[in-house]
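Raw contents of work_29.cif, mmCIF, C-alpha atoms and all ligand atoms:
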```cif
data_query
#
loop_
_atom_site.label_atom_id
_atom_site.label_comp_id
_atom_site.auth_asym_id
_atom_site.auth_seq_id
_atom_site.Cartn_x
_atom_site.Cartn_y
_atom_site.Cartn_z
CA MET J 1014 312.89 164.51 -19.38
CA LYS J 1015 312.92 166.67 -16.30
CA ILE J 1016 312.38 170.43 -16.52
CA ALA J 1017 312.86 172.89 -13.66
CA ILE J 1018 310.26 175.64 -13.87
CA LEU J 1019 311.41 178.85 -12.16
CA PRO J 1020 308.77 181.59 -12.60
CA GLY J 1021 310.40 184.34 -10.49
CA ASP J 1022 309.04 187.85 -10.01
CA GLY J 1023 306.87 190.48 -11.64
CA ILE J 1024 305.31 189.15 -14.84
CA GLY J 1025 307.38 185.95 -14.43
CA PRO J 1026 304.57 183.80 -12.98
CA GLU J 1027 302.03 185.11 -15.53
CA ILE J 1028 304.11 184.38 -18.62
CA MET J 1029 305.39 181.09 -17.19
CA ALA J 1030 301.83 179.81 -16.69
CA GLU J 1031 301.26 180.17 -20.44
CA ALA J 1032 304.52 178.42 -21.36
CA VAL J 1033 303.56 175.53 -19.06
CA LYS J 1034 300.17 175.25 -20.79
CA VAL J 1035 301.95 175.01 -24.13
CA LEU J 1036 304.44 172.38 -22.88
CA ASN J 1037 301.61 170.29 -21.45
CA ALA J 1038 299.71 170.51 -24.75
CA LEU J 1039 302.61 168.82 -26.54
CA GLU J 1040 301.78 165.57 -24.75
CA LEU J 1041 305.43 164.59 -24.43
CA PRO J 1042 306.92 162.69 -21.47
CA LEU J 1043 308.02 165.89 -19.73
CA GLU J 1044 308.28 166.07 -15.97
CA LEU J 1045 307.81 169.67 -14.80
CA ALA J 1046 308.84 170.67 -11.28
CA SER J 1047 308.60 174.25 -10.14
CA ALA J 1048 310.51 176.22 -7.48
CA PRO J 1049 310.77 179.82 -6.29
CA VAL J 1050 313.62 182.06 -7.47
CA GLY J 1051 314.60 185.72 -7.19
CA GLY J 1052 312.61 188.11 -5.02
CA ALA J 1053 309.86 185.53 -4.57
CA ALA J 1054 312.40 183.11 -3.10
CA TYR J 1055 313.96 185.80 -0.94
CA ALA J 1056 310.52 186.67 0.46
CA ALA J 1057 309.74 183.01 1.15
CA SER J 1058 313.06 181.81 2.52
CA GLY J 1059 315.57 184.64 2.78
CA HIS J 1060 317.67 183.85 -0.30
CA PRO J 1061 317.16 184.56 -4.03
CA LEU J 1062 318.55 181.14 -4.98
CA PRO J 1063 317.65 178.67 -2.21
CA GLU J 1064 319.50 175.34 -1.95
CA ALA J 1065 316.38 173.39 -2.98
CA THR J 1066 315.91 175.51 -6.13
CA LEU J 1067 319.57 175.10 -7.05
CA ALA J 1068 319.37 171.33 -6.49
CA LEU J 1069 316.31 171.10 -8.72
CA ALA J 1070 318.07 173.08 -11.47
CA ARG J 1071 321.16 170.86 -11.25
CA GLU J 1072 319.28 167.59 -11.60
CA ALA J 1073 316.96 168.80 -14.38
CA ASP J 1074 317.74 168.34 -18.07
CA ALA J 1075 316.83 171.99 -18.58
CA VAL J 1076 315.67 175.06 -16.69
CA LEU J 1077 312.84 177.26 -17.90
CA PHE J 1078 313.22 180.64 -16.21
CA GLY J 1079 310.73 183.54 -16.11
CA ALA J 1080 312.32 186.74 -14.87
CA VAL J 1081 313.55 188.16 -11.57
CA GLY J 1082 313.74 191.58 -10.00
CA ASP J 1083 311.56 194.20 -8.40
CA TRP J 1084 312.14 197.71 -7.10
CA LYS J 1085 311.02 196.36 -3.69
CA TYR J 1086 314.36 194.59 -3.37
CA ASP J 1087 316.64 197.41 -4.57
CA GLN J 1088 317.74 198.23 -1.01
CA LEU J 1089 318.99 194.72 -0.24
CA PRO J 1090 322.72 194.02 -0.07
CA ARG J 1091 324.03 192.87 -3.43
CA HIS J 1092 324.31 189.15 -2.62
CA LEU J 1093 320.61 188.98 -1.67
CA ARG J 1094 319.22 190.83 -4.69
CA PRO J 1095 316.96 188.85 -7.02
CA GLU J 1096 319.34 189.21 -9.99
CA GLN J 1097 321.98 187.25 -8.06
CA ALA J 1098 319.91 184.14 -8.75
CA ILE J 1099 320.78 184.32 -12.45
CA LEU J 1100 324.49 184.72 -11.77
CA GLY J 1101 324.33 181.85 -9.25
CA LEU J 1102 322.58 179.56 -11.73
CA ARG J 1103 325.00 180.47 -14.54
CA GLN J 1104 327.93 179.65 -12.32
CA ALA J 1105 326.53 176.47 -10.78
CA LEU J 1106 325.48 175.04 -14.14
CA GLY J 1107 328.61 176.21 -15.98
CA LEU J 1108 326.59 178.07 -18.59
CA PHE J 1109 329.05 179.62 -21.02
CA ALA J 1110 327.12 180.11 -24.26
CA ASN J 1111 324.29 182.60 -24.58
CA LEU J 1112 322.10 182.23 -27.65
CA ARG J 1113 319.80 185.09 -28.56
CA PRO J 1114 317.78 185.00 -31.74
CA ALA J 1115 316.50 188.26 -33.21
CA ILE J 1116 313.48 187.39 -35.27
CA CYS J 1117 311.06 189.76 -36.95
CA HIS J 1118 307.86 187.85 -37.39
CA ALA J 1119 306.50 188.82 -40.77
CA PRO J 1120 302.98 189.93 -39.78
CA LEU J 1121 304.22 192.45 -37.21
CA THR J 1122 303.88 195.94 -38.58
CA HIS J 1123 304.31 198.16 -35.50
CA ALA J 1124 307.64 197.46 -34.02
CA SER J 1125 310.95 198.59 -35.34
CA SER J 1126 311.74 202.18 -36.12
CA LEU J 1127 313.83 200.98 -39.04
CA LYS J 1128 312.50 200.77 -42.56
CA PRO J 1129 310.16 197.76 -42.57
CA GLU J 1130 311.82 196.16 -45.61
CA LEU J 1131 315.15 196.15 -43.76
CA VAL J 1132 313.84 193.96 -40.94
CA ALA J 1133 310.77 192.12 -42.30
CA GLY J 1134 311.46 188.42 -41.99
CA LEU J 1135 314.74 188.99 -40.14
CA ASP J 1136 316.00 185.81 -38.48
CA ILE J 1137 319.48 185.93 -37.01
CA LEU J 1138 321.14 184.36 -33.98
CA ILE J 1139 323.73 185.94 -31.71
CA VAL J 1140 326.01 183.56 -29.83
CA ARG J 1141 327.70 185.37 -26.95
CA GLU J 1142 330.44 183.94 -24.74
CA LEU J 1143 329.34 184.38 -21.14
CA THR J 1144 332.10 183.47 -18.71
CA GLY J 1145 335.24 185.28 -19.84
CA ASP J 1146 336.43 188.57 -21.30
CA ILE J 1147 336.84 191.92 -19.60
CA TYR J 1148 333.89 191.25 -17.25
CA PHE J 1149 335.83 188.58 -15.35
CA GLY J 1150 339.53 189.04 -16.26
CA GLN J 1151 342.08 189.52 -13.48
CA PRO J 1152 343.64 191.77 -12.37
CA ARG J 1153 340.97 194.39 -11.97
CA GLY J 1154 340.46 197.17 -9.50
CA ARG J 1155 341.24 200.69 -8.49
CA ARG J 1156 344.61 202.21 -7.67
CA PRO J 1157 346.12 205.64 -7.28
CA ALA J 1158 346.86 207.22 -10.66
CA PRO J 1159 350.51 206.85 -11.70
CA ASP J 1160 352.85 209.60 -10.50
CA GLY J 1161 352.28 212.93 -12.09
CA ALA J 1162 349.05 212.03 -13.85
CA PHE J 1163 346.01 213.97 -12.65
CA ALA J 1164 346.91 214.82 -9.06
CA GLY J 1165 344.40 213.47 -6.58
CA ALA J 1166 342.73 211.10 -9.05
CA ASP J 1167 342.74 207.33 -8.95
CA GLU J 1168 342.51 204.88 -11.82
CA GLY J 1169 340.12 202.01 -12.60
CA PHE J 1170 341.28 199.02 -14.65
CA ASP J 1171 339.96 195.73 -16.02
CA THR J 1172 341.66 192.97 -17.94
CA MET J 1173 340.38 191.59 -21.22
CA ARG J 1174 341.40 187.97 -21.63
CA TYR J 1175 340.38 184.76 -23.39
CA SER J 1176 342.07 181.38 -23.44
CA ARG J 1177 342.24 179.06 -26.43
CA PRO J 1178 339.82 176.45 -24.96
CA GLU J 1179 337.29 179.15 -24.07
CA VAL J 1180 337.23 180.44 -27.65
CA GLU J 1181 337.20 176.93 -29.06
CA ARG J 1182 334.10 175.79 -27.20
CA ILE J 1183 332.05 178.90 -28.04
CA ALA J 1184 333.11 178.67 -31.70
CA ARG J 1185 331.83 175.08 -31.79
CA VAL J 1186 328.49 176.14 -30.37
CA ALA J 1187 328.19 178.76 -33.13
CA PHE J 1188 329.09 176.39 -35.98
CA GLU J 1189 326.76 173.71 -34.65
CA ALA J 1190 323.96 176.26 -34.32
CA ALA J 1191 324.52 177.42 -37.90
CA ARG J 1192 324.07 173.84 -39.08
CA ARG J 1193 321.01 173.31 -36.93
CA ARG J 1194 319.34 176.44 -38.27
CA ASN J 1195 320.05 175.47 -41.85
CA GLY J 1196 318.72 171.95 -41.97
CA GLY J 1197 321.77 170.08 -40.72
CA ARG J 1198 324.46 171.71 -42.83
CA GLY J 1199 325.59 175.05 -44.16
CA GLY J 1200 324.76 178.53 -43.05
CA LYS J 1201 327.12 181.34 -42.20
CA VAL J 1202 328.95 182.35 -39.04
CA THR J 1203 330.20 185.91 -38.64
CA SER J 1204 332.85 186.09 -35.95
CA VAL J 1205 332.99 189.57 -34.45
CA ASP J 1206 336.15 190.94 -32.83
CA LYS J 1207 338.50 193.91 -32.78
CA ALA J 1208 341.57 192.11 -34.08
CA ASN J 1209 343.03 195.28 -35.57
CA VAL J 1210 343.61 196.58 -32.03
CA LEU J 1211 343.30 193.82 -29.42
CA GLU J 1212 345.59 190.85 -28.70
CA THR J 1213 342.61 188.98 -27.23
CA SER J 1214 340.79 189.40 -30.53
CA GLN J 1215 343.79 188.18 -32.54
CA LEU J 1216 343.77 184.94 -30.55
CA TRP J 1217 339.98 184.79 -30.93
CA ARG J 1218 340.22 185.09 -34.72
CA GLU J 1219 343.00 182.50 -34.93
CA VAL J 1220 341.09 179.91 -32.88
CA VAL J 1221 337.74 180.44 -34.62
CA THR J 1222 339.51 179.95 -37.97
CA GLU J 1223 341.05 176.68 -36.71
CA VAL J 1224 337.74 175.32 -35.38
CA HIS J 1225 336.12 176.20 -38.70
CA ARG J 1226 338.17 173.43 -40.39
CA ASP J 1227 335.77 170.95 -38.78
CA TYR J 1228 332.79 172.70 -40.37
CA PRO J 1229 333.63 173.09 -44.06
CA ASP J 1230 329.93 173.28 -44.99
CA VAL J 1231 329.52 176.47 -42.89
CA THR J 1232 330.78 179.78 -44.30
CA LEU J 1233 332.96 181.79 -41.91
CA GLU J 1234 333.54 185.53 -42.10
CA HIS J 1235 335.32 187.85 -39.68
CA MET J 1236 334.11 191.35 -38.92
CA TYR J 1237 335.33 194.16 -36.67
CA VAL J 1238 332.85 195.03 -33.95
CA ASP J 1239 332.40 198.66 -35.02
CA ASN J 1240 331.51 197.54 -38.54
CA ALA J 1241 329.21 194.82 -37.14
CA ALA J 1242 327.31 197.44 -35.11
CA MET J 1243 326.85 199.41 -38.32
CA GLN J 1244 325.90 196.45 -40.51
CA LEU J 1245 323.29 195.32 -37.96
CA VAL J 1246 321.40 198.53 -38.58
CA LYS J 1247 322.19 198.85 -42.29
CA ALA J 1248 321.66 195.33 -43.59
CA PRO J 1249 320.79 192.98 -40.71
CA LYS J 1250 319.46 190.26 -42.99
CA ASN J 1251 322.99 189.66 -44.31
CA PHE J 1252 323.78 187.92 -41.02
CA ASP J 1253 322.93 184.34 -40.07
CA VAL J 1254 324.85 183.46 -36.88
CA ILE J 1255 327.06 186.00 -35.11
CA VAL J 1256 329.60 184.69 -32.58
CA THR J 1257 331.44 187.04 -30.27
CA GLY J 1258 332.89 187.58 -26.81
CA ASN J 1259 331.14 188.64 -23.66
CA LEU J 1260 331.52 192.43 -23.95
CA PHE J 1261 330.79 192.82 -27.67
CA GLY J 1262 327.99 190.25 -27.39
CA ASP J 1263 326.32 192.11 -24.55
CA ILE J 1264 326.06 195.23 -26.70
CA LEU J 1265 325.31 193.65 -30.07
CA SER J 1266 322.60 191.35 -28.70
CA ASP J 1267 320.71 194.32 -27.25
CA GLU J 1268 321.13 196.19 -30.53
CA ALA J 1269 319.80 193.19 -32.46
CA ALA J 1270 316.84 192.86 -30.07
CA MET J 1271 315.86 196.44 -30.79
CA LEU J 1272 315.85 195.74 -34.54
CA THR J 1273 312.80 193.59 -33.97
CA GLY J 1274 311.13 196.22 -31.78
CA SER J 1275 309.43 193.63 -29.62
CA ILE J 1276 311.32 192.59 -26.51
CA GLY J 1277 308.22 190.64 -25.41
CA MET J 1278 308.83 188.11 -28.18
CA LEU J 1279 312.53 187.32 -27.93
CA PRO J 1280 313.66 184.08 -26.31
CA SER J 1281 317.18 183.18 -25.17
CA ALA J 1282 319.21 180.16 -24.17
CA SER J 1283 322.31 179.68 -22.04
CA LEU J 1284 324.08 176.35 -22.48
CA ASN J 1285 326.82 174.39 -20.74
CA GLU J 1286 329.21 171.76 -22.09
CA ARG J 1287 326.76 168.93 -21.42
CA GLY J 1288 324.03 170.60 -23.46
CA GLN J 1289 322.06 171.37 -20.34
CA GLY J 1290 320.61 174.85 -20.49
CA LEU J 1291 318.72 177.70 -18.96
CA PHE J 1292 316.03 179.16 -21.19
CA GLU J 1293 314.43 182.53 -20.53
CA PRO J 1294 312.80 185.48 -22.25
CA SER J 1295 315.26 188.28 -23.15
CA HIS J 1296 313.19 190.78 -21.20
CA GLY J 1297 313.04 191.36 -17.45
CA SER J 1298 310.28 191.13 -14.86
CA ALA J 1299 308.44 194.25 -16.13
CA PRO J 1300 307.16 195.34 -12.70
CA ASP J 1301 305.37 198.24 -14.43
CA ILE J 1302 302.80 195.87 -15.96
CA ALA J 1303 302.92 192.93 -13.51
CA GLY J 1304 299.60 191.57 -12.26
CA GLN J 1305 297.56 193.14 -15.05
CA GLY J 1306 297.33 190.11 -17.31
CA ILE J 1307 298.69 192.02 -20.29
CA ALA J 1308 302.30 190.80 -20.54
CA ASN J 1309 303.32 189.15 -23.79
CA PRO J 1310 303.97 185.45 -23.07
CA LEU J 1311 305.49 184.68 -26.49
CA ALA J 1312 309.14 185.23 -25.49
CA THR J 1313 308.73 182.60 -22.76
CA ILE J 1314 306.77 180.24 -25.01
CA LEU J 1315 309.51 180.58 -27.66
CA SER J 1316 312.13 179.98 -24.94
CA ALA J 1317 310.38 176.68 -24.24
CA ALA J 1318 310.75 175.91 -27.96
CA MET J 1319 314.50 176.65 -27.78
CA MET J 1320 314.69 174.34 -24.77
CA LEU J 1321 313.16 171.50 -26.78
CA ARG J 1322 315.60 172.16 -29.65
CA TYR J 1323 318.85 172.75 -27.77
CA SER J 1324 318.60 170.71 -24.56
CA LEU J 1325 315.91 168.08 -25.03
CA GLN J 1326 316.75 167.05 -28.60
CA ARG J 1327 313.17 167.50 -29.78
CA PRO J 1328 313.49 169.88 -32.75
CA ASP J 1329 310.17 168.54 -34.04
CA ALA J 1330 308.33 169.75 -30.94
CA ALA J 1331 310.21 173.07 -31.06
CA ALA J 1332 309.05 173.61 -34.63
CA ARG J 1333 305.46 172.81 -33.65
CA ILE J 1334 305.51 175.59 -31.04
CA GLU J 1335 307.14 178.06 -33.43
CA ASP J 1336 304.56 177.26 -36.12
CA ALA J 1337 301.74 177.76 -33.63
CA VAL J 1338 303.15 181.18 -32.66
CA ARG J 1339 303.40 182.17 -36.33
CA GLN J 1340 299.77 181.11 -36.78
CA VAL J 1341 298.36 183.20 -33.93
CA LEU J 1342 300.30 186.23 -35.14
CA ALA J 1343 299.04 185.66 -38.68
CA GLU J 1344 295.51 185.53 -37.24
CA GLY J 1345 296.13 189.04 -35.91
CA LEU J 1346 296.24 188.38 -32.15
CA ARG J 1347 298.37 190.94 -30.30
CA THR J 1348 299.17 191.70 -26.68
CA PRO J 1349 299.27 195.48 -26.04
CA ASP J 1350 303.06 195.73 -26.51
CA ILE J 1351 302.77 194.63 -30.16
CA PHE J 1352 299.29 195.95 -30.88
CA SER J 1353 298.67 198.04 -33.97
CA GLU J 1354 295.62 199.30 -35.86
CA GLY J 1355 293.63 196.51 -37.48
CA THR J 1356 294.78 193.71 -35.15
CA ARG J 1357 293.03 192.11 -32.18
CA ARG J 1358 294.14 193.07 -28.67
CA VAL J 1359 294.37 190.12 -26.26
CA GLY J 1360 295.72 189.49 -22.77
CA THR J 1361 298.42 187.12 -21.54
CA ALA J 1362 296.17 184.08 -20.98
CA GLU J 1363 294.21 184.59 -24.18
CA MET J 1364 297.46 184.62 -26.15
CA GLY J 1365 298.67 181.44 -24.43
CA ASN J 1366 295.35 179.70 -25.04
CA ALA J 1367 295.47 180.67 -28.72
CA VAL J 1368 298.93 179.11 -29.07
CA VAL J 1369 297.64 175.92 -27.44
CA ARG J 1370 294.67 175.84 -29.85
CA ALA J 1371 296.96 176.35 -32.84
CA LEU J 1372 299.19 173.51 -31.59
CA LYS J 1373 296.29 171.12 -31.48
CA ARG J 1374 295.04 171.89 -34.96
P1 LIG W 1401 312.10 194.87 -18.52
O1 LIG W 1401 312.50 194.04 -19.68
O2 LIG W 1401 311.52 194.18 -17.38
O3 LIG W 1401 311.06 195.99 -19.04
C1 LIG W 1401 311.38 196.95 -20.03
C2 LIG W 1401 310.08 197.45 -20.69
O4 LIG W 1401 309.57 196.42 -21.54
C3 LIG W 1401 308.97 197.74 -19.67
O5 LIG W 1401 308.23 198.84 -20.12
C4 LIG W 1401 308.12 196.48 -19.69
O6 LIG W 1401 306.77 196.72 -19.37
C5 LIG W 1401 308.28 196.02 -21.14
N1 LIG W 1401 308.19 194.55 -21.22
C6 LIG W 1401 309.14 193.66 -20.84
N2 LIG W 1401 308.71 192.41 -21.04
C7 LIG W 1401 307.47 192.50 -21.56
C8 LIG W 1401 306.50 191.53 -21.98
N3 LIG W 1401 306.72 190.22 -21.89
N4 LIG W 1401 305.32 191.99 -22.47
C9 LIG W 1401 305.08 193.29 -22.55
N5 LIG W 1401 305.94 194.24 -22.19
C10 LIG W 1401 307.14 193.86 -21.69
O7 LIG W 1401 313.41 195.68 -18.11
P2 LIG W 1401 313.62 196.75 -16.90
O8 LIG W 1401 312.42 197.59 -16.75
O9 LIG W 1401 314.92 197.35 -17.20
O10 LIG W 1401 313.80 195.87 -15.59
C11 LIG W 1401 312.75 195.50 -14.71
C12 LIG W 1401 313.26 194.49 -13.71
O11 LIG W 1401 313.65 193.30 -14.40
C13 LIG W 1401 314.50 194.96 -12.94
O12 LIG W 1401 314.37 194.54 -11.61
C14 LIG W 1401 315.63 194.24 -13.63
O13 LIG W 1401 316.71 194.03 -12.79
C15 LIG W 1401 314.97 192.95 -14.01
N6 LIG W 1401 315.60 192.23 -15.13
C16 LIG W 1401 315.64 190.87 -15.04
C17 LIG W 1401 316.15 190.11 -16.06
C18 LIG W 1401 316.12 188.64 -15.93
O14 LIG W 1401 315.39 188.12 -15.08
N7 LIG W 1401 316.83 187.91 -16.74
C19 LIG W 1401 316.70 190.74 -17.27
C20 LIG W 1401 316.53 192.18 -17.30
C21 LIG W 1401 316.02 192.88 -16.25
MG MG W 1402 322.80 193.59 -21.80
#
```

Using structure tokens, write down the structure that the file contains.
Ligand code: NAI
Ligand code: MG
Amino acid sequence: MKIAILPGDGIGPEIMAEAVKVLNALELPLELASAPVGGAAYAASGHPLPEATLALAREADAVLFGAVGDWKYDQLPRHLRPEQAILGLRQALGLFANLRPAICHAPLTHASSLKPELVAGLDILIVRELTGDIYFGQPRGRRPAPDGAFAGADEGFDTMRYSRPEVERIARVAFEAARRRNGGRGGKVTSVDKANVLETSQLWREVVTEVHRDYPDVTLEHMYVDNAAMQLVKAPKNFDVIVTGNLFGDILSDEAAMLTGSIGMLPSASLNERGQGLFEPSHGSAPDIAGQGIANPLATILSAAMMLRYSLQRPDAAARIEDAVRQVLAEGLRTPDIFSEGTRRVGTAEMGNAVVRALKR
């Protein structure tokens, strides 16, 4: 199994080094090959996603990605900015499903500003469609405002659209994920839309309901997005898997991340139709703490676990990593971002080493 390792910028290389340690400790037949991406690649070769990096990603079974971006590159033209590498990879690999778990590891006490009992033990998964919706729908643009309306003003417009096959494939990912999370069958999928107002959402609801016929063991419920935003704060543990479009998913997945209060611990996956995927922490390159050895590597380590589960068909190895992470947290080890009174403050490498030790026990 071939894995492309793309560390990127800022804390990317630091957190990736720890994930690589953990992967090596599994003693599986994994072939790791690393390549520059983002600002680091631009600095080395003039492009954030060089041909060689793209070729490596294409031929790998999965891509493990750190993070890209740095204020140093803010003045570059858009197509050369580090963040373009992510868009380029998404497009080239056909990644259409974004999976973001929001997990509140039980021993964390700092974290969320919500009542602890609301989020303790939270474990939900948001499945967001990535390639369609109002972000990409045509036509879009600017035009003069229609006659008589606001003299001198122009008008901006975007088109929200989804096709039946687009909804169908993301719905399947959600139902399959619900099964996977619940021991092979069962679980619940909440499909989030705005079907009381939007045509796009009415089609969405219709198609998700049809696809559900193939998954009778999974419970399906529909929820309007405004209510979902409310329920996420009020009773987040009532959710299992949430599936939604690009726009609503963008917002709800950030809201769900904040429930856990620890961005440094949240992994994510983006999958294509062949099950190939790009796995990365939900956070960015954190230039404010780069080079200090204090970044939390757990989001990247848990992204490697998702990679084993979703792309490499090794759920057993994924569970070993997740167990090891639970153990080090139970032992009280904390990087500064999740530190609280009565726990032990450790750096990036110390945290990675502890996970490796727990794995080998
Ligand atoms: P960020 O996620 O990098 O940082 C937000 C805050 O969280 C910072 O205070 C940072 O120190 C902290 N943080 C993030 N990850 C952490 C970790 N593992 N351990 C401890 N603390 C952590 O988001 P921000 O500041 O908005 O963006 C910084 C750069 O990252 C920008 O250039 C942005 O474009 C890029 N970015 C890249 C992403 C990617 O590669 N997928 C995603 C989001 C942002
Ligand atoms: Mg977002």

Mind running chain J against ligand LIG 1401 (chain W) at 10 Å and telling me each contacting residue's nearest atom pair with the distance in Å (one decimal), counting all atoms listed in the file, chain and number ascending, as a Markdown table?
```
| residue | atom | partner | partner_atom | distance |
| --- | --- | --- | --- | --- |
| J:Pro1020 | CA | W:LIG1401 | O14 | 9.6 |
| J:Gly1021 | CA | W:LIG1401 | O14 | 7.8 |
| J:Asp1022 | CA | W:LIG1401 | O14 | 8.1 |
| J:Gly1023 | CA | W:LIG1401 | C12 | 7.8 |
| J:Ile1024 | CA | W:LIG1401 | N3 | 7.3 |
| J:Gly1025 | CA | W:LIG1401 | O14 | 8.3 |
| J:Glu1027 | CA | W:LIG1401 | N3 | 9.4 |
| J:Ile1028 | CA | W:LIG1401 | N3 | 7.2 |
| J:Val1050 | CA | W:LIG1401 | O14 | 9.9 |
| J:Gly1051 | CA | W:LIG1401 | O14 | 8.3 |
| J:Gly1052 | CA | W:LIG1401 | O12 | 9.4 |
| J:Phe1078 | CA | W:LIG1401 | O14 | 7.9 |
| J:Gly1079 | CA | W:LIG1401 | O14 | 6.6 |
| J:Ala1080 | CA | W:LIG1401 | O14 | 3.4 |
| J:Val1081 | CA | W:LIG1401 | O14 | 4.0 |
| J:Gly1082 | CA | W:LIG1401 | O12 | 3.4 |
| J:Asp1083 | CA | W:LIG1401 | O12 | 4.3 |
| J:Trp1084 | CA | W:LIG1401 | O12 | 5.9 |
| J:Lys1085 | CA | W:LIG1401 | O12 | 8.8 |
| J:Tyr1086 | CA | W:LIG1401 | O12 | 8.2 |
| J:Asp1087 | CA | W:LIG1401 | O12 | 7.9 |
| J:Arg1094 | CA | W:LIG1401 | O13 | 9.1 |
| J:Pro1095 | CA | W:LIG1401 | O12 | 7.8 |
| J:Glu1096 | CA | W:LIG1401 | O13 | 6.2 |
| J:Gln1097 | CA | W:LIG1401 | O14 | 9.7 |
| J:Ala1098 | CA | W:LIG1401 | O14 | 8.7 |
| J:Ile1099 | CA | W:LIG1401 | N7 | 6.8 |
| J:Leu1100 | CA | W:LIG1401 | N7 | 9.7 |
| J:Ser1275 | CA | W:LIG1401 | N5 | 8.2 |
| J:Ile1276 | CA | W:LIG1401 | N2 | 6.1 |
| J:Gly1277 | CA | W:LIG1401 | N3 | 3.8 |
| J:Met1278 | CA | W:LIG1401 | N3 | 7.0 |
| J:Leu1279 | CA | W:LIG1401 | N3 | 8.9 |
| J:Ser1281 | CA | W:LIG1401 | N7 | 9.7 |
| J:Phe1292 | CA | W:LIG1401 | N7 | 9.8 |
| J:Glu1293 | CA | W:LIG1401 | N7 | 7.0 |
| J:Pro1294 | CA | W:LIG1401 | N7 | 7.2 |
| J:Ser1295 | CA | W:LIG1401 | C19 | 6.5 |
| J:His1296 | CA | W:LIG1401 | O1 | 3.7 |
| J:Gly1297 | CA | W:LIG1401 | O2 | 3.2 |
| J:Ser1298 | CA | W:LIG1401 | O11 | 4.0 |
| J:Ala1299 | CA | W:LIG1401 | O2 | 3.3 |
| J:Pro1300 | CA | W:LIG1401 | C11 | 5.9 |
| J:Asp1301 | CA | W:LIG1401 | O6 | 5.4 |
| J:Ile1302 | CA | W:LIG1401 | O6 | 5.3 |
| J:Ala1303 | CA | W:LIG1401 | O6 | 8.0 |
| J:Gly1306 | CA | W:LIG1401 | N4 | 9.7 |
| J:Ile1307 | CA | W:LIG1401 | C9 | 6.9 |
| J:Ala1308 | CA | W:LIG1401 | N4 | 3.8 |
| J:Asn1309 | CA | W:LIG1401 | N4 | 3.7 |
| J:Pro1310 | CA | W:LIG1401 | N3 | 5.6 |
| J:Leu1311 | CA | W:LIG1401 | N3 | 7.3 |
| J:Ala1312 | CA | W:LIG1401 | N3 | 6.6 |
| J:Thr1313 | CA | W:LIG1401 | N3 | 7.9 |
| J:Thr1348 | CA | W:LIG1401 | C9 | 7.4 |
| J:Pro1349 | CA | W:LIG1401 | C9 | 7.1 |
| J:Asp1350 | CA | W:LIG1401 | C9 | 5.1 |
| J:Ile1351 | CA | W:LIG1401 | C9 | 8.1 |
| J:Gly1360 | CA | W:LIG1401 | N4 | 9.9 |
| J:Thr1361 | CA | W:LIG1401 | N4 | 8.5 |
```

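Restricting the atom set to only C-alpha atoms and all ligand atoms, one finds that the residues within 12 Å of ligand MG 1402 (chain W) amount to Asn1111, Arg1113, Arg1141, Leu1143, Asn1259, Leu1260, Phe1261, Gly1262, Asp1263, Ile1264, Leu1265, Ser1266, Asp1267, Glu1268, Ala1269, Ala1270, Met1271, Ser1295, His1296 and Gly1297 of chain J.
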
Box time for region 1196-1202 of chain J: axis-aligned, enclosing all its listed atoms, 6 Å extra on each side; report centre and edge lengths in Å to one decimal, as AutoDock Vina command-line options.
```
--center_x 323.8 --center_y 176.2 --center_z -41.6 --size_x 22.2 --size_y 24.3 --size_z 17.1
```

> What gap, in Å, lies between CA of Val1220 (chain J) and CA of Gln1104 (chain J)?
Replying inline: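 CA of Gln1104 (chain J) lies 24.4 Å from CA of Val1220 (chain J).
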
> With only C-alpha atoms as the basis for distance, which of J:Ile1116, J:Ala1248, J:Ala1075, J:Leu1342 is at the shortest distance from Gly1288 (chain J)?
Replying inline: J:Ala1075

> Any idea what the distance is between CA of Ala1048 (chain J) and CA of Glu1142 (chain J)?
Replying inline: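 Going from CA of Ala1048 (chain J) over to CA of Glu1142 (chain J), I get 27.5 Å.
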
List as CSV every residue of region 1238-1260 of chain J that is in contact with region 1179-1184 of chain J, defined as an atom at most 10 Å from one of its atoms (using all atoms listed in the file), together with the nearest atom pair and the distance in Å rounded to one decimal, sorted by chain and then rising number.
```
residue,atom,partner,partner_atom,distance
J:Val1256,CA,J:Ala1184,CA,7.0
J:Thr1257,CA,J:Ile1183,CA,8.5
J:Gly1258,CA,J:Val1180,CA,8.4
```

> Leaving out Ala1070 (chain J) and any residue of its chain fewer than 6 positions from it, which residues lie within 9 Å of it when counting only C-alpha atoms, given as an MDAnalysis selection string?
Replying inline: chainID J and resid 1016:1019 1076 1102 1106 1291

>> What does the structure give for the distance between CA of Asp1206 (chain J) and CA of Val1221 (chain J), in Å to one decimal?
In response: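 These atoms are spaced 10.8 Å apart.
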
> Between J:Ser1047, J:Ala1166, J:His1092, J:Phe1109, which is the closest to His1060 (chain J) once you count only C-alpha atoms?
Replying inline: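 The shortest atom-to-atom distance to His1060 (chain J) comes from J:His1092.
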
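Of the listed residues J:Gly1345, J:Gly1199, J:Gly1290, J:Gly1165, the one whose atoms come nearest to Asp1253 (chain J) is J:Gly1199, with distances taken using only C-alpha atoms.
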
>> At a cut-off of 12 Å, using all atoms listed in the file, what residues contact Gly1197 (chain J)? Leave out same-chain residues fewer than 5 positions from it and give the result as a VMD selection string.
In response: chain J and resid 1188 to 1192 1228 1230 to 1231 1328

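Near region 1364-1373 of chain J, within a cut-off of 8 Å and counting only C-alpha atoms, sit the residues Glu1031, Ala1032, Lys1034, Val1035, Ala1038, Leu1039, Asn1309, Pro1310, Leu1311, Arg1333, Ile1334, Asp1336, Ala1337, Val1338, Gln1340, Val1341, Leu1346, Arg1347, Thr1348 and Val1359 of chain J, with same-chain residues fewer than 5 positions away left out.
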